[in-house]
Structures are given as structure tokens and as C-alpha cells.
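Colleague: Have a peek at query18.txt (compact mmCIF, C-alpha atoms).
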# COMPACT_ATOMS: atom_id res chain seq x y z
CA MET A 1124 -18.48 -35.08 -46.67
CA LEU A 1125 -19.95 -31.89 -45.23
CA SER A 1126 -18.46 -32.60 -41.80
CA GLU A 1127 -15.02 -33.11 -43.36
CA GLN A 1128 -15.27 -29.73 -45.10
CA MET A 1129 -16.29 -28.04 -41.85
CA GLU A 1130 -13.40 -29.68 -40.03
CA SER A 1131 -11.01 -28.51 -42.74
CA LYS A 1132 -12.31 -24.97 -42.34
CA ARG A 1133 -11.84 -25.13 -38.57
CA LEU A 1134 -8.25 -26.31 -39.00
CA ALA A 1135 -7.60 -23.56 -41.53
CA MET A 1136 -8.99 -20.92 -39.19
CA LEU A 1137 -6.92 -22.29 -36.32
CA LEU A 1138 -3.81 -22.13 -38.48
CA VAL A 1139 -4.53 -18.50 -39.34
CA VAL A 1140 -4.93 -17.63 -35.66
CA LEU A 1141 -1.68 -19.39 -34.75
CA LEU A 1142 0.17 -17.64 -37.55
CA ARG A 1143 -1.12 -14.27 -36.39
CA LEU A 1144 -0.13 -15.00 -32.81
CA GLY A 1145 3.24 -16.18 -33.99
CA GLY A 1146 3.73 -12.89 -35.76
CA ARG A 1147 3.25 -11.05 -32.49
CA LEU A 1148 5.75 -13.18 -30.62
CA CYS A 1149 9.48 -12.76 -30.80
CA GLU A 1150 10.93 -16.00 -29.44
CA GLY A 1151 8.89 -15.77 -26.27
CA CYS A 1152 8.05 -12.14 -25.58
CA LEU A 1153 5.51 -10.04 -27.41
CA GLU A 1154 7.08 -8.01 -30.19
CA GLU A 1155 5.20 -4.85 -29.18
CA GLU A 1156 6.57 -5.12 -25.64
CA ARG A 1157 10.08 -5.85 -26.86
CA THR A 1158 9.85 -2.72 -29.02
CA ALA A 1159 8.63 -0.75 -26.00
CA LEU A 1160 11.66 -1.90 -23.99
CA PHE A 1161 13.94 -0.67 -26.77
CA GLN A 1162 12.17 2.70 -26.55
CA LEU A 1163 12.89 2.78 -22.80
CA LYS A 1164 16.59 1.98 -23.31
CA PRO A 1165 17.72 5.64 -23.85
CA PHE A 1166 16.30 6.54 -20.44
CA PHE A 1167 17.28 3.35 -18.59
CA SER A 1168 20.62 2.44 -20.16
CA PHE A 1169 21.04 -0.67 -18.01
CA ILE A 1170 18.24 -2.50 -19.85
CA ASP A 1171 20.16 -5.38 -21.42
CA VAL A 1172 18.56 -5.46 -24.86
CA ASP A 1173 21.48 -7.40 -26.36
CA SER A 1174 21.42 -10.35 -23.97
CA SER A 1175 18.68 -12.25 -25.82
CA SER A 1176 16.05 -11.73 -28.49
CA ASN A 1177 13.52 -12.93 -25.91
CA CYS A 1178 12.89 -9.97 -23.59
CA CYS A 1179 11.37 -12.34 -21.01
CA GLU A 1180 14.91 -13.60 -20.37
CA TRP A 1181 16.33 -10.15 -19.68
CA GLU A 1182 17.61 -9.60 -16.17
CA ARG A 1183 15.25 -6.77 -15.18
CA VAL A 1184 12.16 -8.17 -16.86
CA LYS A 1185 9.72 -10.81 -15.65
CA CYS A 1186 6.93 -12.22 -17.82
CA ASN A 1187 3.81 -14.29 -17.35
CA LEU A 1188 4.74 -17.84 -18.37
CA ILE A 1189 1.39 -18.40 -20.10
CA THR A 1190 0.72 -15.10 -21.90
CA ASN A 1191 4.38 -14.05 -22.30
CA ARG A 1192 3.28 -10.59 -21.24
CA VAL A 1193 5.68 -8.47 -19.17
CA THR A 1194 4.49 -8.38 -15.55
CA HIS A 1195 7.48 -6.93 -13.67
CA LEU A 1196 9.97 -4.20 -14.63
CA PHE A 1197 12.85 -3.58 -12.22
CA LEU A 1198 14.26 -0.35 -13.64
CA ASN A 1199 15.80 0.80 -10.39
CA VAL A 1200 19.39 2.07 -10.55
CA SER A 1201 21.47 -0.88 -9.42
CA ASN A 1202 24.31 1.36 -8.15
CA ILE A 1203 22.30 2.34 -5.07
CA ILE A 1204 21.05 -1.10 -4.07
CA ILE A 1205 22.61 -2.66 -1.00
CA VAL A 1206 24.33 -5.86 -2.06
CA GLU A 1207 24.06 -8.58 0.55
CA ASP A 1208 25.40 -12.10 0.80
CA VAL A 1209 21.93 -13.42 1.54
CA GLU A 1210 19.11 -13.96 -0.91
CA PRO A 1211 17.08 -10.68 -1.02
CA SER A 1212 13.56 -10.74 0.31
CA TRP A 1213 10.58 -9.38 -1.62
CA ASP A 1214 10.82 -6.12 0.35
CA ASP A 1215 14.47 -5.78 -0.61
CA ILE A 1216 13.52 -6.00 -4.27
CA ILE A 1217 10.68 -3.53 -4.08
CA TYR A 1218 12.24 -1.06 -1.66
CA THR A 1219 15.77 -0.31 -2.82
CA LYS A 1220 18.03 1.65 -0.51
CA PRO A 1221 21.15 3.81 -1.02
CA ILE A 1222 24.49 2.38 0.10
CA ASN A 1223 24.65 5.22 2.61
CA ASP A 1224 23.10 8.69 2.91
CA MET A 1225 26.36 10.58 2.37
CA TYR A 1226 27.14 8.62 -0.79
CA TYR A 1227 23.61 9.07 -2.09
CA ASP A 1228 23.41 12.82 -1.38
CA GLY A 1229 26.77 13.41 -3.03
CA TRP A 1230 25.76 11.42 -6.09
CA ARG A 1231 22.37 13.14 -6.22
CA ASN A 1232 24.06 16.54 -6.54
CA LYS A 1233 26.07 15.37 -9.54
CA MET A 1234 23.25 13.75 -11.49
CA LYS A 1235 21.30 15.30 -14.34
CA PHE A 1236 17.60 15.31 -13.56
CA TRP A 1237 15.06 14.45 -16.23
CA TYR A 1238 11.34 14.15 -16.95
CA LEU A 1239 9.63 10.81 -17.48
CA ASN A 1240 7.13 10.05 -20.23
CA ALA A 1241 4.91 7.58 -18.37
CA SER A 1242 3.09 6.73 -21.61
CA LEU A 1243 6.10 4.65 -22.60
CA PHE A 1244 4.76 1.98 -20.22
CA LEU A 1245 1.34 1.73 -21.91
CA PRO A 1246 2.26 -1.33 -24.05
CA PHE A 1247 2.75 -3.42 -20.90
CA LYS A 1248 -0.91 -4.31 -20.40
CA GLU A 1249 -0.29 -6.91 -17.66
CA LEU A 1250 2.31 -4.93 -15.72
CA HIS A 1251 2.03 -5.74 -12.01
CA THR A 1252 5.23 -4.26 -10.56
CA LEU A 1253 7.19 -1.20 -11.68
CA SER A 1254 10.34 -0.09 -9.87
CA LEU A 1255 11.91 3.22 -10.93
CA SER A 1256 13.93 3.82 -7.77
CA GLY A 1257 17.02 6.01 -7.84
CA ASN A 1258 16.71 7.42 -11.35
CA PHE A 1259 16.68 11.12 -10.38
CA ILE A 1260 13.40 11.76 -12.17
CA VAL A 1261 12.04 15.22 -11.34
CA GLY A 1262 8.57 14.80 -12.81
CA CYS A 1263 6.64 13.74 -15.88
CA VAL A 1264 6.46 15.23 -19.34
CA HIS A 1265 3.45 17.55 -19.68
CA ASN A 1266 0.25 15.53 -20.21
CA GLU A 1267 2.24 12.28 -20.07
CA GLY A 1268 2.02 11.57 -16.35
CA PHE A 1269 1.04 8.42 -14.46
CA GLU A 1270 -2.65 9.22 -14.91
CA LYS A 1271 -2.17 8.06 -18.52
CA LEU A 1272 -1.73 4.53 -17.20
CA SER A 1273 -4.93 4.44 -15.16
CA LEU A 1274 -7.26 3.03 -17.81
CA GLU A 1275 -5.02 0.48 -19.52
CA LEU A 1276 -2.66 -0.73 -16.79
CA ASN A 1277 -5.36 -1.93 -14.41
CA LYS A 1278 -3.15 -4.71 -13.04
CA LEU A 1279 -0.41 -2.39 -11.75
CA GLU A 1280 -0.29 -3.03 -8.00
CA ILE A 1281 3.26 -2.15 -6.90
CA LEU A 1282 4.96 1.14 -7.78
CA ASP A 1283 8.36 2.14 -6.40
CA LEU A 1284 9.37 5.76 -7.04
CA SER A 1285 11.80 6.05 -4.13
CA TYR A 1286 15.02 8.09 -4.28
CA ASN A 1287 13.93 10.35 -7.12
CA ASN A 1288 13.17 14.08 -7.16
CA PHE A 1289 9.40 14.16 -7.62
CA ASN A 1290 7.67 17.07 -5.90
CA ASP A 1291 4.11 17.13 -4.57
CA SER A 1292 2.66 17.76 -8.05
CA ILE A 1293 3.12 14.04 -8.80
CA LEU A 1294 0.61 13.05 -6.11
CA SER A 1295 -2.49 14.07 -8.07
CA SER A 1296 -1.29 11.98 -11.02
CA LEU A 1297 -0.61 8.95 -8.81
CA SER A 1298 -4.07 9.19 -7.24
CA GLU A 1299 -5.57 8.03 -10.55
CA LEU A 1300 -3.85 4.61 -10.38
CA SER A 1301 -6.79 2.91 -8.69
CA SER A 1302 -5.27 -0.59 -8.81
CA LEU A 1303 -2.24 0.33 -6.66
CA GLU A 1304 -1.72 -1.69 -3.49
CA SER A 1305 1.83 -0.60 -2.67
CA LEU A 1306 3.37 2.85 -3.20
CA ASN A 1307 6.93 3.79 -2.21
CA LEU A 1308 7.77 7.51 -2.25
CA VAL A 1309 10.81 7.44 0.05
CA ASP A 1310 13.24 10.36 -0.26
CA ASN A 1311 11.68 12.47 -2.96
CA LEU A 1312 11.00 16.21 -2.71
CA LEU A 1313 7.36 16.30 -1.64
CA THR A 1314 7.50 20.01 -1.06
CA GLY A 1315 5.49 22.75 -2.69
CA THR A 1316 2.53 24.97 -2.00
CA ASN A 1317 0.60 22.26 -0.16
CA PRO A 1318 2.19 18.77 0.00
CA ILE A 1319 -0.26 17.72 2.72
CA ASN A 1320 -3.18 18.33 0.38
CA GLY A 1321 -1.40 16.27 -2.28
CA ILE A 1322 -1.01 13.33 0.10
CA LYS A 1323 -4.72 13.59 0.93
CA LYS A 1324 -5.46 12.95 -2.75
CA LEU A 1325 -3.77 9.56 -2.42
CA SER A 1326 -6.65 8.47 -0.19
CA LYS A 1327 -8.59 7.96 -3.44
CA LEU A 1328 -6.54 4.78 -3.82
CA ASN A 1329 -9.05 2.47 -2.17
CA GLN A 1330 -6.88 -0.63 -2.59
CA LEU A 1331 -3.68 0.91 -1.24
CA GLU A 1332 -2.31 -1.29 1.56
CA ILE A 1333 1.35 -0.21 1.78
CA LEU A 1334 2.51 3.41 1.84
CA ASP A 1335 6.02 4.70 2.52
CA LEU A 1336 6.53 8.47 2.83
CA SER A 1337 9.84 8.31 4.72
CA ASN A 1338 12.57 10.96 4.49
CA HIS A 1339 10.28 13.94 3.98
CA TYR A 1340 11.33 16.04 6.95
CA ASP A 1341 8.89 18.90 6.38
CA LEU A 1342 5.68 16.89 6.51
CA GLY A 1343 5.47 17.08 10.30
CA ASN A 1344 2.55 16.09 12.47
CA ASN A 1345 -0.02 17.47 10.02
CA VAL A 1346 0.35 14.39 7.85
CA LEU A 1347 -1.21 12.25 10.57
CA SER A 1348 -4.57 13.99 10.35
CA LEU A 1349 -4.99 12.75 6.78
CA LEU A 1350 -4.42 9.08 7.35
CA ASN A 1351 -7.92 8.24 8.60
CA ASP A 1352 -9.05 8.60 4.99
CA PHE A 1353 -6.95 5.66 3.79
CA ALA A 1354 -9.48 2.85 3.92
CA SER A 1355 -7.27 -0.19 3.20
CA LEU A 1356 -3.90 0.79 4.65
CA LYS A 1357 -2.09 -2.05 6.44
CA SER A 1358 1.52 -0.87 6.43
CA LEU A 1359 2.68 2.72 6.93
CA ARG A 1360 6.23 4.12 7.13
CA LEU A 1361 6.89 7.70 8.22
CA GLN A 1362 10.56 7.50 9.12
CA ASP A 1363 12.24 10.91 9.32
CA CYS A 1364 9.12 12.91 8.49
CA GLY A 1365 9.63 15.55 11.17
CA LEU A 1366 7.11 14.23 13.66
CA LYS A 1367 7.59 15.80 17.09
CA GLY A 1368 6.21 15.63 20.58
CA THR A 1369 4.00 13.13 22.32
CA ILE A 1370 1.23 11.71 20.18
CA ASN A 1371 -1.64 9.58 21.45
CA MET A 1372 -1.81 7.65 18.21
CA LEU A 1373 -4.60 5.18 18.90
CA GLY A 1374 -6.74 7.75 20.66
CA THR A 1375 -6.46 10.35 17.92
CA PHE A 1376 -6.15 8.16 14.87
CA PRO A 1377 -8.55 5.17 14.94
CA PHE A 1378 -7.28 4.00 11.54
CA LEU A 1379 -4.22 2.62 13.34
CA ASN A 1380 -6.33 -0.24 14.68
CA LEU A 1381 -6.44 -1.54 11.11
CA ILE A 1382 -2.74 -1.14 10.37
CA LYS A 1383 -0.64 -4.24 10.93
CA SER A 1384 2.75 -2.61 10.37
CA LEU A 1385 3.58 0.91 11.53
CA PHE A 1386 7.09 2.33 11.41
CA ILE A 1387 7.40 5.99 12.29
CA THR A 1388 11.00 6.41 13.45
CA SER A 1389 13.41 5.41 16.17
CA PHE A 1390 14.81 8.91 16.51
CA LEU A 1391 14.05 12.58 15.69
CA ASN A 1392 12.23 13.05 19.00
CA ASN A 1393 9.10 11.13 18.02
CA LEU A 1394 7.35 9.89 21.14
CA ILE A 1395 4.21 7.78 20.96
CA ASP A 1396 1.78 7.05 23.79
Show how you would write the structure in this file as C-alpha cells.

Modeller:
Amino acid sequence: MLSEQMESKRLAMLLVVLLRLGGRLCEGCLEEERTALFQLKPFFSFIDVDSSSNCCEWERVKCNLITNRVTHLFLNVSNIIIVEDVEPSWDDIIYTKPINDMYYDGWRNKMKFWYLNASLFLPFKELHTLSLSGNFIVGCVHNEGFEKLSLELNKLEILDLSYNNFNDSILSSLSELSSLESLNLVDNLLTGTNPINGIKKLSKLNQLEILDLSNHYDLGNNVLSLLNDFASLKSLRLQDCGLKGTINMLGTFPFLNLIKSLFITSFLNNLID
């Protein structure tokens, strides 16, 4: 008799747990994350909130099949992605590119720049990949920068901020995202009082394996002296960063022995011994 009562209590407790979990779910995705996506909609108008009540089925959202937590957000501006007849590779998804430089520069001059509140991403506790490419973001709202994500989004590994208008002040904020393994900063405005010092702060990212600083013409050769501090770097892109002259890369920069993929540039008078 006692065992039957205990079993009944267990079943009752299980039912309560299931009901509570059910209250947090909205036909697949977590209600708190669905609400967070609605809050992002004014800033990323292409989020298709009307396509389904289940946000895991939305085109730019990918969820964990077990937890139903959002793991990937592709909030890059689709207008500047190269459309190809072939199935895009993983790099194509993470590293979006403008259709052509002239088109992009012309469009950039017509866009209204805005400041991002990075705290809007805090509800996505299992976020692994965040792409914000091509949104013409100039910076973050005061005290609401990417450092806000450092404690709670400890699974964020891939961050794409390419083709925006961030200046070097963003680098200190990004250096707090200790879980990052891939960071794309192509074609921003990493200029200021000391952009080189800002890039040095990124060396705090001990897990960073992929770094793209391309299209920052004023960085010059000074950027190379900082790269020995990046302990885990395996892939580095410095296309169109104003490197000049003949550089004995392996002799001067022993970190290159650890890098599997190095792309500096095929032009702009960069010669490597």
C-alpha cells in the first residue's frame, strides 16, 4: 500500500514537471526565446516571425533537436550574400560577401547606421553561431555591448560581424567572449586612436582559431607584431590590410608554424619570403 502511494506521488510530481516544461514550450521552441526573437524583429526586419508559431522552423533560426534551444542565428543581410547555383559550404554561410565592392560601397553610403543592444541575445543560452553581417551597425548601446554575453552565452563559438561599421572600440568588448573560436571582422572601420592595441586585446581569446581582419587598409605591417600572442590561431586572413614590402614571415613570426591556413593577399604589393 505504501509503495503504491509513493508511486502515485512520483507520477504526480512527474506530471507537474511535464506541465511546467510544456508551459515553457511553444510548439517546439522555448517561449522565452520566441519572445526574444520578436524583440529582435524591429532591428532585423527579415526575421520571419509569421511563418510558424515554432521559431525552430524559421528560416534564419536553427535549434537543438533535443533541448529545442536556439543554437544558430543567421541575421546577416541577405541582400549582400552571393547567390550561387551550388550548395553553399559552411564558410559561405559564416562569411557572407557583398555582390561586388562598388555595389556595397554605394549601398553603405545610403544606409542609416544604428547601435546594437547585445543584451537582446541573452535569452539564447545555447547560442553557438551568431551572424550579423552587413547590418551597418556602428557600435553597441552604452553598457550593452558584447561583454554582456560573456557570462551567460558560454557556448558562443562563431561570431560574424563582417561588413558593418564597428570601430576599434568594439575590440575590448569582444575580448571578453572567452568561448569564441571564430571571429570575422571583415570590412568594418577598425580605426581610432590605437586600433593595433585593440587587436592585441583579442589575444585574450585563448580558444580563438579563426580570425579575419581583411579590408582594413590602415592596419599595415604593425599588426603582424601582435599575432604571436594568439595561442590557438589556426586560420588568419589579412587581405587588403595595407601590408607592404618583403616580410620574412616564418623567421620573424614563429606563430605561423602553428597556423594551417594563412591568407594575406594576392595584391597590394605584399611580398613574403

Colleague: Quick one: residues within 12 Å of Lys1324 in chain A, only C-alpha atoms, excluding same-chain residues fewer than 3 positions away - as a PyMOL selection string?

Modeller: chain A and resi 1291-1301+1317-1321+1327-1329+1349-1350+1352-1353

Colleague: Do you have the CA of Asn1338 in chain A-CA of Ser1242 in chain A distance handy?

Modeller: 28.1 Å

Colleague: Give me, please, the distance in Å between CA of Leu1303 in chain A and CA of Leu1325 in chain A, quoted to one decimal.

Modeller: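 Interatomic distance, CA of Leu1303 in chain A to CA of Leu1325 in chain A: 10.3 Å.
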
Colleague: Enter the distance from CA of Ile1281 in chain A to CA of Val1193 in chain A, in Å, rounded to one decimal.

Modeller: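 Atom-to-atom, CA of Ile1281 in chain A to CA of Val1193 in chain A, that is 14.0 Å.
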
Colleague: For Gly1343 in chain A, please output as number ranges by chain all residues within 10 Å (counting all atoms listed in the file; exclusion window: fewer than 3 positions along the same chain).

Modeller: A: 1319, 1339-1340, 1346-1347, 1361, 1363-1367

Colleague: Which residues are near range 1160-1169 of chain A? Cut-off 10 Å, all atoms listed in the file, ignore same chain within fewer than 5 positions. Put them as a ChimeraX atom specification.

Modeller: /A:1154-1155,1178,1182-1184,1196,1198-1201,1237-1240,1243-1244,1246-1247,1255,1258

Colleague: Grab the residues selected above and save them as a PDB file, in the frame of the given file with C-alpha atoms.

Modeller:
ATOM      1  CA  GLU A1154       7.080  -8.010 -30.190  1.00  0.00           C
ATOM      2  CA  GLU A1155       5.200  -4.850 -29.180  1.00  0.00           C
ATOM      3  CA  CYS A1178      12.890  -9.970 -23.590  1.00  0.00           C
ATOM      4  CA  GLU A1182      17.610  -9.600 -16.170  1.00  0.00           C
ATOM      5  CA  ARG A1183      15.250  -6.770 -15.180  1.00  0.00           C
ATOM      6  CA  VAL A1184      12.160  -8.170 -16.860  1.00  0.00           C
ATOM      7  CA  LEU A1196       9.970  -4.200 -14.630  1.00  0.00           C
ATOM      8  CA  LEU A1198      14.260  -0.350 -13.640  1.00  0.00           C
ATOM      9  CA  ASN A1199      15.800   0.800 -10.390  1.00  0.00           C
ATOM     10  CA  VAL A1200      19.390   2.070 -10.550  1.00  0.00           C
ATOM     11  CA  SER A1201      21.470  -0.880  -9.420  1.00  0.00           C
ATOM     12  CA  TRP A1237      15.060  14.450 -16.230  1.00  0.00           C
ATOM     13  CA  TYR A1238      11.340  14.150 -16.950  1.00  0.00           C
ATOM     14  CA  LEU A1239       9.630  10.810 -17.480  1.00  0.00           C
ATOM     15  CA  ASN A1240       7.130  10.050 -20.230  1.00  0.00           C
ATOM     16  CA  LEU A1243       6.100   4.650 -22.600  1.00  0.00           C
ATOM     17  CA  PHE A1244       4.760   1.980 -20.220  1.00  0.00           C
ATOM     18  CA  PRO A1246       2.260  -1.330 -24.050  1.00  0.00           C
ATOM     19  CA  PHE A1247       2.750  -3.420 -20.900  1.00  0.00           C
ATOM     20  CA  LEU A1255      11.910   3.220 -10.930  1.00  0.00           C
ATOM     21  CA  ASN A1258      16.710   7.420 -11.350  1.00  0.00           C
TER      22      ASN A1258
END

Colleague: Would you kindly return, as a ChimeraX atom specification, each protein, DNA or RNA residue with an atom no farther than 7 Å from any atom of Ser1285 in chain A, considering all atoms listed in the file and excluding same-chain residues fewer than 4 positions away?

Modeller: /A:1256-1257,1307-1311

Colleague: Please work out which residues fall within 10 Å of (4.8, -13.6, -19.6), coordinates as given in the file, with only C-alpha atoms counting, and return them as a list in words.

Modeller: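 All residues meeting the 10 Å criterion around (4.8, -13.6, -19.6) are Gly1151, Cys1152, Leu1153, Cys1178, Cys1179, Val1184, Lys1185, Cys1186, Asn1187, Leu1188, Ile1189, Thr1190, Asn1191, Arg1192, Val1193, Thr1194, His1195, Glu1249 and Leu1250 of chain A.
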
Colleague: Taking into account only C-alpha atoms, which residue in the set A:Ala1241, A:Ala1159, A:Leu1253, A:Ile1170 is nearest to Leu1279 in chain A?

Modeller: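 Looking at the shortest contact to Leu1279 in chain A, the residue is A:Leu1253.
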